[in-house]
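Participant: I'd like to ask you about the structure that follows.
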Amino acid sequence: MIDLSITDIIDKAKMCRGISSDEAAELLSVSNQKDRSELISAAGSVRDKVFGNKVFIYGFVYFSTYCRNNCAFCYYRRTNDLSRYRKTEDEVLALSASLKDAGINLVDLTMGEDPVMCAGGYRELLGMVRRVRDEVGIPIMVSPGAVPEESFSAFRDAGADWFACYQETYNRDLFSKLRLEQDFDNRLNQKIWAKRAGLLTEDGMMVGLGETLRDRVDAITKMGSLGCEQIRAMTFVPQNGTPMEGMKPAESDDELRSIAVMRLMFPDRLIPASLDVEGTAGLKTRLDAGANVITSIVPPHMDLAGVAQHELDIDNGHRSVAHVLQMLDGMGKRVATNTEYASLLKDLRAWNR
Ligand code: SAM
Ligand code: MD0
Ligand code: SF4
């Protein structure tokens, strides 16, 4: 039982020392306008205290949309009949170089669990990472899905800084309905094995797919307690051709409250505002809620897809670096320099949670 009022919890949270899971549950359930704006503004001010007006920007390169898995929520699940692509190593190199030139802090090399990329102990992917490190020289995140324990040090040695793998939910029963034929513990271990190999890690939860408020509290608490340096929430977007296509699209409000609560619970973590849910129309609300990384920036006319929104705002150039920079100008935020990002990575590694 807690006897603190919402205002008391928020006042405590503003001291940047975190909040308990029970307090998080109280904050996630705020519904009246006054409490909601107090929550959002507290999260924004905690983020500003820790990170100033800097935000980090990540380029998204979804280089292969082939996948051997069949996640119920995903457009790219193997049984969905669609035209897929796999970029060549040279194409990925050129994309990474142009993102770096445009001022991006990190490139996120993401794939479906493409059998070609997984073959031979991830030979092709490792070669790609090595070349991006050696020939482009930009911080790298890999998002290859679930990989065997022995592969993590190879990713680190090839030059990856980050390993991203989202649990989606910490409710095992719900997990089994979403990530069909996949093992909960194996996916959880990805974060543990990646950390052990010296990689920084990102975990994530999905919002709006039937989870309870307690499930959300649990996911936030666990993602943070695992020590993941970057944690995210993304609203589920129903996809054509999937078993979940008929679900009603959720409003972004639960995601925004989740972002705010993540910020108050774990003040010094990186928290994305993903352009992959509502496009650039959803950028400001996510930054206002305490996010400090912009992800899913995608260059136009390169035949690159998003994940949750495969087309939205890509070919009209709204997800380009230039457009995002322009938007930030009007929001009193600035992009971190590459030197600042490098120094953040150094600090994150030293914390070694
Ligand atoms: N294939 C790898 C994997 O599953 O880990 C990496 C890429 S996967 C496409 C990246 C993430 O996108 C998923 O973990 C999930 O959180 C998110 N995602 C996929 N489909 C989504 C949808 N329909 N709505 C919201 N998020 C989605
Ligand atoms: C994003 N579409 O950042 C990307 C993706 C994978 N590491 C990230 C979900 O929103
Ligand atoms: Fe494949 Fe990832 Fe989509 Fe699951 S979420 S079907 S692993 S691309």
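Naming works like this for the structure tokens: A, B, ... for the chains as they're shown, residue 1 at the start of each chain, ligands 1 onward in shown order.
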As a list in words, please: all residues of segment 231-340 of chain A that backbone DSSP puts in strand (DSSP E).

Facilitator: Ile231, Arg232, Ala233, Met234, Thr235, Pro272, Ala273, Ser274, Val293, Ile294, Thr295, Ser296, Ile297, Arg334 and Val335 of chain A

Participant: Residues of the last selection are to be written out with N, CA and C atoms, as a tab-separated table (two decimals), in the first residue's frame.

Facilitator:
```tsv
chain	number	residue	atom	x	y	z
A	231	ILE	N	16.41	1.71	-22.94
A	231	ILE	CA	15.13	0.99	-22.78
A	231	ILE	C	14.03	1.76	-23.51
A	232	ARG	N	13.10	1.00	-24.08
A	232	ARG	CA	12.08	1.66	-24.90
A	232	ARG	C	10.69	1.08	-24.73
A	233	ALA	N	9.71	1.89	-25.14
A	233	ALA	CA	8.32	1.43	-25.25
A	233	ALA	C	7.84	1.85	-26.63
A	234	MET	N	7.17	0.94	-27.32
A	234	MET	CA	6.58	1.27	-28.62
A	234	MET	C	5.16	0.76	-28.65
A	235	THR	N	4.26	1.59	-29.15
A	235	THR	CA	2.87	1.16	-29.30
A	235	THR	C	2.77	0.15	-30.43
A	272	PRO	N	14.39	5.96	-26.27
A	272	PRO	CA	14.04	6.43	-27.62
A	272	PRO	C	12.65	7.04	-27.76
A	273	ALA	N	12.61	8.02	-28.67
A	273	ALA	CA	11.37	8.49	-29.28
A	273	ALA	C	11.43	7.90	-30.67
A	274	SER	N	10.68	6.85	-30.93
A	274	SER	CA	10.78	6.19	-32.24
A	274	SER	C	9.84	6.85	-33.25
A	293	VAL	N	16.54	10.04	-27.23
A	293	VAL	CA	17.18	9.50	-28.44
A	293	VAL	C	16.11	9.47	-29.52
A	294	ILE	N	16.44	9.91	-30.72
A	294	ILE	CA	15.48	9.77	-31.82
A	294	ILE	C	15.91	8.60	-32.68
A	295	THR	N	15.05	7.60	-32.78
A	295	THR	CA	15.39	6.42	-33.56
A	295	THR	C	14.48	6.29	-34.77
A	296	SER	N	14.93	5.40	-35.67
A	296	SER	CA	14.16	5.13	-36.88
A	296	SER	C	14.17	6.30	-37.86
A	297	ILE	N	15.31	7.01	-37.88
A	297	ILE	CA	15.56	7.99	-38.93
A	297	ILE	C	15.96	7.18	-40.16
A	334	ARG	N	19.15	20.23	-29.12
A	334	ARG	CA	20.20	20.13	-30.13
A	334	ARG	C	20.75	18.72	-30.16
A	335	VAL	N	21.30	18.37	-31.31
A	335	VAL	CA	21.85	17.02	-31.45
A	335	VAL	C	23.23	16.98	-30.83
```

Participant: Enumerate as a PDB file with C-alpha atoms, in the first residue's frame the residues within 9 Å of ligand 2, counting only C-alpha atoms and all ligand atoms.

Facilitator:
```pdb
ATOM      1  CA  TYR A  58      20.153   7.077 -34.598  1.00  0.00           C
ATOM      2  CA  GLY A  59      19.955   6.090 -38.251  1.00  0.00           C
ATOM      3  CA  PHE A  60      17.946   2.985 -38.975  1.00  0.00           C
ATOM      4  CA  VAL A  61      19.104   0.548 -41.638  1.00  0.00           C
ATOM      5  CA  TYR A  62      16.705  -2.378 -41.934  1.00  0.00           C
ATOM      6  CA  ASP A 108      21.330   0.598 -36.138  1.00  0.00           C
ATOM      7  CA  LEU A 109      21.901  -2.427 -38.410  1.00  0.00           C
ATOM      8  CA  THR A 110      18.661  -4.349 -38.140  1.00  0.00           C
ATOM      9  CA  MET A 111      17.446  -7.527 -39.815  1.00  0.00           C
ATOM     10  CA  MET A 141      24.062  -1.086 -32.897  1.00  0.00           C
ATOM     11  CA  VAL A 142      23.156  -4.552 -34.162  1.00  0.00           C
ATOM     12  CA  SER A 143      19.588  -5.866 -34.002  1.00  0.00           C
ATOM     13  CA  PRO A 144      19.853  -9.394 -35.429  1.00  0.00           C
ATOM     14  CA  PHE A 163      23.123  -5.197 -29.003  1.00  0.00           C
ATOM     15  CA  ALA A 164      19.352  -4.613 -29.190  1.00  0.00           C
ATOM     16  CA  CYS A 165      16.821  -7.339 -28.483  1.00  0.00           C
ATOM     17  CA  TYR A 166      13.392  -6.475 -27.128  1.00  0.00           C
ATOM     18  CA  GLU A 202      18.819  -2.189 -25.385  1.00  0.00           C
ATOM     19  CA  GLY A 204      12.074  -2.843 -25.168  1.00  0.00           C
ATOM     20  CA  MET A 234       6.584   1.268 -28.618  1.00  0.00           C
ATOM     21  CA  PRO A 272      14.044   6.432 -27.616  1.00  0.00           C
ATOM     22  CA  ALA A 273      11.374   8.495 -29.276  1.00  0.00           C
ATOM     23  CA  SER A 274      10.776   6.190 -32.236  1.00  0.00           C
ATOM     24  CA  LEU A 275       9.574   7.668 -35.516  1.00  0.00           C
ATOM     25  CA  ASP A 276       8.348   4.178 -36.391  1.00  0.00           C
ATOM     26  CA  VAL A 277       5.007   4.493 -34.592  1.00  0.00           C
ATOM     27  CA  ILE A 294      15.478   9.775 -31.821  1.00  0.00           C
ATOM     28  CA  THR A 295      15.391   6.419 -33.563  1.00  0.00           C
ATOM     29  CA  SER A 296      14.164   5.126 -36.881  1.00  0.00           C
ATOM     30  CA  ILE A 297      15.557   7.991 -38.928  1.00  0.00           C
ATOM     31  CA  ALA A 305      11.515  -0.025 -44.810  1.00  0.00           C
ATOM     32  CA  GLY A 306      10.503   0.738 -41.247  1.00  0.00           C
ATOM     33  CA  VAL A 307       9.292  -2.067 -38.972  1.00  0.00           C
ATOM     34  CA  ALA A 308       6.029  -0.987 -37.361  1.00  0.00           C
ATOM     35  CA  GLN A 309       5.406   1.669 -40.035  1.00  0.00           C
ATOM     36  CA  HIS A 310       7.059   0.333 -43.145  1.00  0.00           C
TER      37      HIS A 310
END
```

Participant: Out of A:Asp203, A:Glu211, A:Asp183, A:Glu150, which residue has the shortest atom-to-atom distance to ligand 1 when counting only C-alpha atoms and all ligand atoms?

Facilitator: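 Among the listed residues, A:Asp203 lies closest to ligand 1.
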
Participant: Please write out the residues within 12 Å of ligand 3 as a PDB file with N, CA, C and O atoms, in the first residue's frame, counting only C-alpha atoms and all ligand atoms.

Facilitator:
```
ATOM      1  N   TYR A  62      17.350  -1.049 -41.969  1.00  0.00           N
ATOM      2  CA  TYR A  62      16.705  -2.378 -41.934  1.00  0.00           C
ATOM      3  C   TYR A  62      17.180  -3.073 -43.211  1.00  0.00           C
ATOM      4  O   TYR A  62      16.558  -2.960 -44.250  1.00  0.00           O
ATOM      5  N   PHE A  63      18.337  -3.759 -43.099  1.00  0.00           N
ATOM      6  CA  PHE A  63      19.025  -4.189 -44.330  1.00  0.00           C
ATOM      7  C   PHE A  63      18.525  -5.516 -44.882  1.00  0.00           C
ATOM      8  O   PHE A  63      18.783  -5.835 -46.039  1.00  0.00           O
ATOM      9  N   SER A  64      17.825  -6.324 -44.050  1.00  0.00           N
ATOM     10  CA  SER A  64      17.216  -7.533 -44.616  1.00  0.00           C
ATOM     11  C   SER A  64      15.861  -7.769 -43.968  1.00  0.00           C
ATOM     12  O   SER A  64      15.743  -7.840 -42.741  1.00  0.00           O
ATOM     13  N   THR A  65      14.844  -7.903 -44.815  1.00  0.00           N
ATOM     14  CA  THR A  65      13.488  -8.116 -44.286  1.00  0.00           C
ATOM     15  C   THR A  65      13.085  -9.590 -44.372  1.00  0.00           C
ATOM     16  O   THR A  65      11.924  -9.921 -44.196  1.00  0.00           O
ATOM     17  N   TYR A  66      14.063 -10.474 -44.661  1.00  0.00           N
ATOM     18  CA  TYR A  66      13.768 -11.913 -44.614  1.00  0.00           C
ATOM     19  C   TYR A  66      13.768 -12.353 -43.167  1.00  0.00           C
ATOM     20  O   TYR A  66      14.572 -11.856 -42.373  1.00  0.00           O
ATOM     21  N   CYS A  67      12.864 -13.280 -42.812  1.00  0.00           N
ATOM     22  CA  CYS A  67      12.841 -13.731 -41.420  1.00  0.00           C
ATOM     23  C   CYS A  67      12.347 -15.163 -41.309  1.00  0.00           C
ATOM     24  O   CYS A  67      11.375 -15.548 -41.962  1.00  0.00           O
ATOM     25  N   ARG A  68      13.032 -15.948 -40.437  1.00  0.00           N
ATOM     26  CA  ARG A  68      12.624 -17.344 -40.232  1.00  0.00           C
ATOM     27  C   ARG A  68      11.593 -17.455 -39.116  1.00  0.00           C
ATOM     28  O   ARG A  68      11.047 -18.520 -38.861  1.00  0.00           O
ATOM     29  N   ASN A  69      11.334 -16.365 -38.414  1.00  0.00           N
ATOM     30  CA  ASN A  69      10.379 -16.394 -37.300  1.00  0.00           C
ATOM     31  C   ASN A  69       8.984 -15.996 -37.749  1.00  0.00           C
ATOM     32  O   ASN A  69       8.786 -15.500 -38.856  1.00  0.00           O
ATOM     33  N   ASN A  70       8.040 -16.179 -36.826  1.00  0.00           N
ATOM     34  CA  ASN A  70       6.645 -15.943 -37.195  1.00  0.00           C
ATOM     35  C   ASN A  70       5.903 -15.171 -36.100  1.00  0.00           C
ATOM     36  O   ASN A  70       4.781 -15.539 -35.733  1.00  0.00           O
ATOM     37  N   CYS A  71       6.526 -14.111 -35.615  1.00  0.00           N
ATOM     38  CA  CYS A  71       5.914 -13.327 -34.537  1.00  0.00           C
ATOM     39  C   CYS A  71       4.519 -12.852 -34.961  1.00  0.00           C
ATOM     40  O   CYS A  71       4.341 -12.327 -36.071  1.00  0.00           O
ATOM     41  N   ALA A  72       3.564 -13.008 -34.061  1.00  0.00           N
ATOM     42  CA  ALA A  72       2.165 -12.744 -34.398  1.00  0.00           C
ATOM     43  C   ALA A  72       1.914 -11.281 -34.760  1.00  0.00           C
ATOM     44  O   ALA A  72       0.997 -10.964 -35.518  1.00  0.00           O
ATOM     45  N   PHE A  73       2.744 -10.382 -34.230  1.00  0.00           N
ATOM     46  CA  PHE A  73       2.489  -8.939 -34.388  1.00  0.00           C
ATOM     47  C   PHE A  73       3.218  -8.339 -35.585  1.00  0.00           C
ATOM     48  O   PHE A  73       3.009  -7.184 -35.929  1.00  0.00           O
ATOM     49  N   CYS A  74       4.107  -9.118 -36.227  1.00  0.00           N
ATOM     50  CA  CYS A  74       5.072  -8.488 -37.139  1.00  0.00           C
ATOM     51  C   CYS A  74       4.722  -8.677 -38.612  1.00  0.00           C
ATOM     52  O   CYS A  74       4.430  -9.781 -39.064  1.00  0.00           O
ATOM     53  N   TYR A  75       4.802  -7.595 -39.341  1.00  0.00           N
ATOM     54  CA  TYR A  75       4.535  -7.597 -40.775  1.00  0.00           C
ATOM     55  C   TYR A  75       5.486  -8.540 -41.516  1.00  0.00           C
ATOM     56  O   TYR A  75       5.125  -9.145 -42.528  1.00  0.00           O
ATOM     57  N   TYR A  76       6.698  -8.683 -41.008  1.00  0.00           N
ATOM     58  CA  TYR A  76       7.735  -9.439 -41.715  1.00  0.00           C
ATOM     59  C   TYR A  76       7.791 -10.905 -41.299  1.00  0.00           C
ATOM     60  O   TYR A  76       8.727 -11.619 -41.663  1.00  0.00           O
ATOM     61  N   ARG A  77       6.809 -11.375 -40.513  1.00  0.00           N
ATOM     62  CA  ARG A  77       6.771 -12.790 -40.111  1.00  0.00           C
ATOM     63  C   ARG A  77       6.832 -13.662 -41.360  1.00  0.00           C
ATOM     64  O   ARG A  77       6.341 -13.286 -42.418  1.00  0.00           O
ATOM     65  N   ARG A  78       7.427 -14.869 -41.205  1.00  0.00           N
ATOM     66  CA  ARG A  78       7.753 -15.652 -42.402  1.00  0.00           C
ATOM     67  C   ARG A  78       6.551 -16.044 -43.244  1.00  0.00           C
ATOM     68  O   ARG A  78       6.664 -16.152 -44.471  1.00  0.00           O
ATOM     69  N   THR A  79       5.381 -16.216 -42.632  1.00  0.00           N
ATOM     70  CA  THR A  79       4.240 -16.665 -43.428  1.00  0.00           C
ATOM     71  C   THR A  79       3.493 -15.506 -44.087  1.00  0.00           C
ATOM     72  O   THR A  79       2.525 -15.737 -44.812  1.00  0.00           O
ATOM     73  N   ASN A  80       3.929 -14.268 -43.850  1.00  0.00           N
ATOM     74  CA  ASN A  80       3.277 -13.147 -44.536  1.00  0.00           C
ATOM     75  C   ASN A  80       3.867 -13.048 -45.943  1.00  0.00           C
ATOM     76  O   ASN A  80       5.089 -13.013 -46.115  1.00  0.00           O
ATOM     77  N   ARG A  84      10.318  -9.009 -50.325  1.00  0.00           N
ATOM     78  CA  ARG A  84      11.344  -8.740 -49.310  1.00  0.00           C
ATOM     79  C   ARG A  84      12.635  -8.307 -50.001  1.00  0.00           C
ATOM     80  O   ARG A  84      12.799  -8.521 -51.197  1.00  0.00           O
ATOM     81  N   THR A 110      19.761  -3.479 -38.576  1.00  0.00           N
ATOM     82  CA  THR A 110      18.661  -4.349 -38.140  1.00  0.00           C
ATOM     83  C   THR A 110      18.270  -5.326 -39.242  1.00  0.00           C
ATOM     84  O   THR A 110      18.281  -4.982 -40.421  1.00  0.00           O
ATOM     85  N   MET A 111      17.929  -6.541 -38.829  1.00  0.00           N
ATOM     86  CA  MET A 111      17.446  -7.527 -39.815  1.00  0.00           C
ATOM     87  C   MET A 111      16.344  -8.391 -39.220  1.00  0.00           C
ATOM     88  O   MET A 111      16.206  -8.510 -38.003  1.00  0.00           O
ATOM     89  N   GLY A 112      15.549  -9.017 -40.079  1.00  0.00           N
ATOM     90  CA  GLY A 112      14.743 -10.141 -39.640  1.00  0.00           C
ATOM     91  C   GLY A 112      15.736 -11.272 -39.382  1.00  0.00           C
ATOM     92  O   GLY A 112      16.914 -11.145 -39.727  1.00  0.00           O
ATOM     93  N   GLU A 113      15.301 -12.359 -38.801  1.00  0.00           N
ATOM     94  CA  GLU A 113      16.260 -13.456 -38.613  1.00  0.00           C
ATOM     95  C   GLU A 113      16.469 -14.151 -39.965  1.00  0.00           C
ATOM     96  O   GLU A 113      15.924 -15.221 -40.230  1.00  0.00           O
ATOM     97  N   ASP A 114      17.213 -13.479 -40.805  1.00  0.00           N
ATOM     98  CA  ASP A 114      17.465 -13.905 -42.179  1.00  0.00           C
ATOM     99  C   ASP A 114      18.461 -15.065 -42.191  1.00  0.00           C
ATOM    100  O   ASP A 114      19.617 -14.887 -41.797  1.00  0.00           O
ATOM    101  N   PRO A 115      18.034 -16.263 -42.643  1.00  0.00           N
ATOM    102  CA  PRO A 115      18.914 -17.431 -42.623  1.00  0.00           C
ATOM    103  C   PRO A 115      20.251 -17.179 -43.326  1.00  0.00           C
ATOM    104  O   PRO A 115      21.287 -17.688 -42.889  1.00  0.00           O
ATOM    105  N   SER A 143      20.887  -5.326 -34.422  1.00  0.00           N
ATOM    106  CA  SER A 143      19.588  -5.866 -34.002  1.00  0.00           C
ATOM    107  C   SER A 143      19.298  -7.084 -34.872  1.00  0.00           C
ATOM    108  O   SER A 143      18.491  -7.022 -35.805  1.00  0.00           O
ATOM    109  N   PRO A 144      19.977  -8.217 -34.558  1.00  0.00           N
ATOM    110  CA  PRO A 144      19.853  -9.394 -35.429  1.00  0.00           C
ATOM    111  C   PRO A 144      18.848 -10.413 -34.933  1.00  0.00           C
ATOM    112  O   PRO A 144      18.762 -11.506 -35.491  1.00  0.00           O
ATOM    113  N   GLY A 145      18.073 -10.094 -33.862  1.00  0.00           N
ATOM    114  CA  GLY A 145      17.203 -11.108 -33.265  1.00  0.00           C
ATOM    115  C   GLY A 145      17.975 -11.864 -32.190  1.00  0.00           C
ATOM    116  O   GLY A 145      18.942 -11.339 -31.642  1.00  0.00           O
ATOM    117  N   ALA A 146      17.541 -13.094 -31.916  1.00  0.00           N
ATOM    118  CA  ALA A 146      18.187 -13.883 -30.852  1.00  0.00           C
ATOM    119  C   ALA A 146      19.334 -14.690 -31.446  1.00  0.00           C
ATOM    120  O   ALA A 146      19.165 -15.372 -32.447  1.00  0.00           O
ATOM    121  N   VAL A 147      20.501 -14.593 -30.809  1.00  0.00           N
ATOM    122  CA  VAL A 147      21.686 -15.289 -31.324  1.00  0.00           C
ATOM    123  C   VAL A 147      22.262 -16.211 -30.240  1.00  0.00           C
ATOM    124  O   VAL A 147      21.999 -16.012 -29.053  1.00  0.00           O
ATOM    125  N   ALA A 164      20.759  -4.883 -29.530  1.00  0.00           N
ATOM    126  CA  ALA A 164      19.352  -4.613 -29.190  1.00  0.00           C
ATOM    127  C   ALA A 164      18.531  -5.884 -29.366  1.00  0.00           C
ATOM    128  O   ALA A 164      18.656  -6.585 -30.374  1.00  0.00           O
ATOM    129  N   CYS A 165      17.725  -6.195 -28.379  1.00  0.00           N
ATOM    130  CA  CYS A 165      16.821  -7.339 -28.483  1.00  0.00           C
ATOM    131  C   CYS A 165      15.690  -7.108 -27.476  1.00  0.00           C
ATOM    132  O   CYS A 165      15.914  -7.091 -26.266  1.00  0.00           O
ATOM    133  N   TYR A 166      14.500  -6.892 -27.992  1.00  0.00           N
ATOM    134  CA  TYR A 166      13.392  -6.475 -27.128  1.00  0.00           C
ATOM    135  C   TYR A 166      12.585  -7.670 -26.649  1.00  0.00           C
ATOM    136  O   TYR A 166      12.137  -8.493 -27.446  1.00  0.00           O
ATOM    137  N   GLN A 167      12.353  -7.685 -25.339  1.00  0.00           N
ATOM    138  CA  GLN A 167      11.570  -8.790 -24.761  1.00  0.00           C
ATOM    139  C   GLN A 167      10.089  -8.634 -25.126  1.00  0.00           C
ATOM    140  O   GLN A 167       9.360  -9.594 -25.113  1.00  0.00           O
ATOM    141  N   GLU A 168       9.661  -7.440 -25.406  1.00  0.00           N
ATOM    142  CA  GLU A 168       8.261  -7.046 -25.720  1.00  0.00           C
ATOM    143  C   GLU A 168       7.367  -7.068 -24.494  1.00  0.00           C
ATOM    144  O   GLU A 168       6.591  -6.155 -24.248  1.00  0.00           O
ATOM    145  N   PHE A 175       3.961 -13.453 -23.852  1.00  0.00           N
ATOM    146  CA  PHE A 175       5.124 -13.649 -24.741  1.00  0.00           C
ATOM    147  C   PHE A 175       4.879 -14.824 -25.685  1.00  0.00           C
ATOM    148  O   PHE A 175       5.127 -14.740 -26.886  1.00  0.00           O
ATOM    149  N   LEU A 178       2.826 -14.056 -28.577  1.00  0.00           N
ATOM    150  CA  LEU A 178       3.355 -13.042 -29.501  1.00  0.00           C
ATOM    151  C   LEU A 178       4.540 -13.566 -30.283  1.00  0.00           C
ATOM    152  O   LEU A 178       4.577 -13.540 -31.500  1.00  0.00           O
ATOM    153  N   ARG A 179       5.519 -14.025 -29.547  1.00  0.00           N
ATOM    154  CA  ARG A 179       6.735 -14.529 -30.184  1.00  0.00           C
ATOM    155  C   ARG A 179       6.598 -16.043 -30.294  1.00  0.00           C
ATOM    156  O   ARG A 179       7.211 -16.796 -29.545  1.00  0.00           O
ATOM    157  N   LEU A 180       5.766 -16.453 -31.256  1.00  0.00           N
ATOM    158  CA  LEU A 180       5.427 -17.864 -31.414  1.00  0.00           C
ATOM    159  C   LEU A 180       6.699 -18.689 -31.627  1.00  0.00           C
ATOM    160  O   LEU A 180       7.613 -18.242 -32.320  1.00  0.00           O
ATOM    161  N   GLU A 181       6.737 -19.876 -31.047  1.00  0.00           N
ATOM    162  CA  GLU A 181       7.846 -20.830 -31.202  1.00  0.00           C
ATOM    163  C   GLU A 181       9.180 -20.276 -30.727  1.00  0.00           C
ATOM    164  O   GLU A 181      10.226 -20.718 -31.165  1.00  0.00           O
ATOM    165  N   GLN A 182       9.159 -19.251 -29.858  1.00  0.00           N
ATOM    166  CA  GLN A 182      10.430 -18.724 -29.357  1.00  0.00           C
ATOM    167  C   GLN A 182      10.485 -18.865 -27.847  1.00  0.00           C
ATOM    168  O   GLN A 182       9.453 -18.889 -27.190  1.00  0.00           O
ATOM    169  N   ASP A 183      11.716 -18.963 -27.325  1.00  0.00           N
ATOM    170  CA  ASP A 183      11.882 -19.234 -25.913  1.00  0.00           C
ATOM    171  C   ASP A 183      12.106 -17.941 -25.118  1.00  0.00           C
ATOM    172  O   ASP A 183      13.026 -17.168 -25.424  1.00  0.00           O
ATOM    173  N   ARG A 187      15.508 -15.405 -25.020  1.00  0.00           N
ATOM    174  CA  ARG A 187      15.467 -13.987 -25.404  1.00  0.00           C
ATOM    175  C   ARG A 187      15.938 -13.095 -24.247  1.00  0.00           C
ATOM    176  O   ARG A 187      16.628 -12.111 -24.448  1.00  0.00           O
ATOM    177  N   GLY A 204      13.259  -3.615 -24.827  1.00  0.00           N
ATOM    178  CA  GLY A 204      12.074  -2.843 -25.168  1.00  0.00           C
ATOM    179  C   GLY A 204      10.792  -3.582 -24.844  1.00  0.00           C
ATOM    180  O   GLY A 204      10.767  -4.810 -24.753  1.00  0.00           O
ATOM    181  N   MET A 206       6.428  -3.637 -25.763  1.00  0.00           N
ATOM    182  CA  MET A 206       5.380  -3.151 -26.637  1.00  0.00           C
ATOM    183  C   MET A 206       4.155  -2.831 -25.794  1.00  0.00           C
ATOM    184  O   MET A 206       3.883  -3.500 -24.793  1.00  0.00           O
ATOM    185  N   PHE A 236       2.039  -0.922 -30.182  1.00  0.00           N
ATOM    186  CA  PHE A 236       1.799  -1.929 -31.223  1.00  0.00           C
ATOM    187  C   PHE A 236       0.984  -1.330 -32.370  1.00  0.00           C
ATOM    188  O   PHE A 236      -0.035  -0.690 -32.142  1.00  0.00           O
ATOM    189  N   GLN A 239      -0.767  -5.055 -38.181  1.00  0.00           N
ATOM    190  CA  GLN A 239      -0.182  -5.236 -39.515  1.00  0.00           C
ATOM    191  C   GLN A 239      -1.049  -6.121 -40.400  1.00  0.00           C
ATOM    192  O   GLN A 239      -1.477  -7.198 -39.969  1.00  0.00           O
ATOM    193  N   THR A 242      -1.409 -10.403 -40.786  1.00  0.00           N
ATOM    194  CA  THR A 242      -0.968 -11.085 -39.560  1.00  0.00           C
ATOM    195  C   THR A 242      -2.193 -11.481 -38.729  1.00  0.00           C
ATOM    196  O   THR A 242      -3.274 -10.923 -38.923  1.00  0.00           O
ATOM    197  N   ALA A 305      12.805   0.021 -45.496  1.00  0.00           N
ATOM    198  CA  ALA A 305      11.515  -0.025 -44.810  1.00  0.00           C
ATOM    199  C   ALA A 305      11.680   0.289 -43.331  1.00  0.00           C
ATOM    200  O   ALA A 305      12.762   0.149 -42.768  1.00  0.00           O
ATOM    201  N   GLY A 306      10.579   0.711 -42.704  1.00  0.00           N
ATOM    202  CA  GLY A 306      10.503   0.738 -41.247  1.00  0.00           C
ATOM    203  C   GLY A 306       9.985  -0.620 -40.796  1.00  0.00           C
ATOM    204  O   GLY A 306       9.759  -1.513 -41.624  1.00  0.00           O
ATOM    205  N   VAL A 307       9.777  -0.781 -39.473  1.00  0.00           N
ATOM    206  CA  VAL A 307       9.292  -2.067 -38.972  1.00  0.00           C
ATOM    207  C   VAL A 307       7.796  -1.982 -38.669  1.00  0.00           C
ATOM    208  O   VAL A 307       6.990  -2.670 -39.301  1.00  0.00           O
ATOM    209  N   ALA A 308       7.433  -1.112 -37.734  1.00  0.00           N
ATOM    210  CA  ALA A 308       6.029  -0.987 -37.361  1.00  0.00           C
ATOM    211  C   ALA A 308       5.284  -0.146 -38.401  1.00  0.00           C
ATOM    212  O   ALA A 308       4.107  -0.366 -38.675  1.00  0.00           O
ATOM    213  N   HIS A 310       6.032   0.603 -42.129  1.00  0.00           N
ATOM    214  CA  HIS A 310       7.059   0.333 -43.145  1.00  0.00           C
ATOM    215  C   HIS A 310       7.252   1.436 -44.151  1.00  0.00           C
ATOM    216  O   HIS A 310       8.294   1.544 -44.762  1.00  0.00           O
TER     217      HIS A 310
END
```

Participant: Determine, counting only C-alpha atoms, which protein, DNA and RNA residues have an atom within 8 Å of an atom of Glu278 of chain A; residues of the same chain fewer than 4 positions away are not included. Present the result as a ChimeraX atom specification.

Facilitator: /A:282-283,309,312

Participant: Would you mind writing down, as a ChimeraX atom specification, each residue of segment 32-237 of chain A that DSSP on the backbone assigns to alpha helix (DSSP H)?

Facilitator: /A:33-51,89-101,115-131,152-158,172-178,184-196,213-225

Participant: Quick one: everything within 7 Å of segment 215-223 of chain A, counting only C-alpha atoms, minus sequence neighbours fewer than 6 positions away in the same chain. Send it as a list in words.

Facilitator: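 Counting only the stated atoms, we get Ser21, Ala24, Ala25, Thr169, Tyr170, Asn171, Asp203, Met205, Ile231 and Met262 of chain A.
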
Participant: Show which residues sit within 9 Å of Val261 of chain A, as a list of chain:residue names. Count only C-alpha atoms, and ignore same-chain residues fewer than 4 positions away.

Facilitator: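 These residues fall inside the cut-off: A:Ile19, A:Ala24, A:Ala25, A:Leu27, A:Leu28, A:Leu39, A:Ile40, A:Ala43, A:Val217, A:Ile220, A:Leu256, A:Arg257, A:Met265, A:Phe266, A:Ala289, A:Gly290.
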
Participant: Could you please determine the separation between atom CA of Val30 of chain A and atom CA of Lys54 of chain A in Å, to one decimal place?

Facilitator: 28.2 Å

Participant: I'd like to know which of A:Ile138, A:Val324, A:Ile9, A:Met117 is closest to Asp101 of chain A, using only C-alpha atoms.

Facilitator: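 Closest to Asp101 of chain A, using only C-alpha atoms: A:Ile138.
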
Participant: Please provide the set of residues having any atom within 10 Å of Ser151 of chain A, restricted to only C-alpha atoms, with same-chain residues fewer than 5 positions apart removed, written as a PyMOL selection string.

Facilitator: chain A and resi 121-122+126+156+193-194+197

Participant: From the list A:Arg214, A:Lys14, A:His323, A:Lys191, which residue is nearest ligand 1 when using only C-alpha atoms and all ligand atoms?

Facilitator: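 For ligand 1, the nearest of the given residues is A:Lys191.
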
Participant: Give me, please, the distance in Å between atom CA of Thr337 of chain A and atom CA of Ala97 of chain A, quoted to one decimal.

Facilitator: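 The value is 16.2 Å.
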
Participant: Identify, on the basis of only C-alpha atoms, every residue whose closest approach to Arg47 of chain A does not exceed 9 Å; exclude the query and any residue fewer than 4 positions from it along the same chain; express the result as JSON, numbers by chain.

Facilitator: {"A": [16, 42, 43, 51, 52, 53, 263, 264, 267, 268, 290, 291, 292]}

Participant: Report, in Å to a single decimal, how far apart atom CA of Ala322 of chain A and atom 2 (C, counted along the ligand's line) of ligand 1 are.

Facilitator: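 Distance between the two atoms: 27.0 Å.
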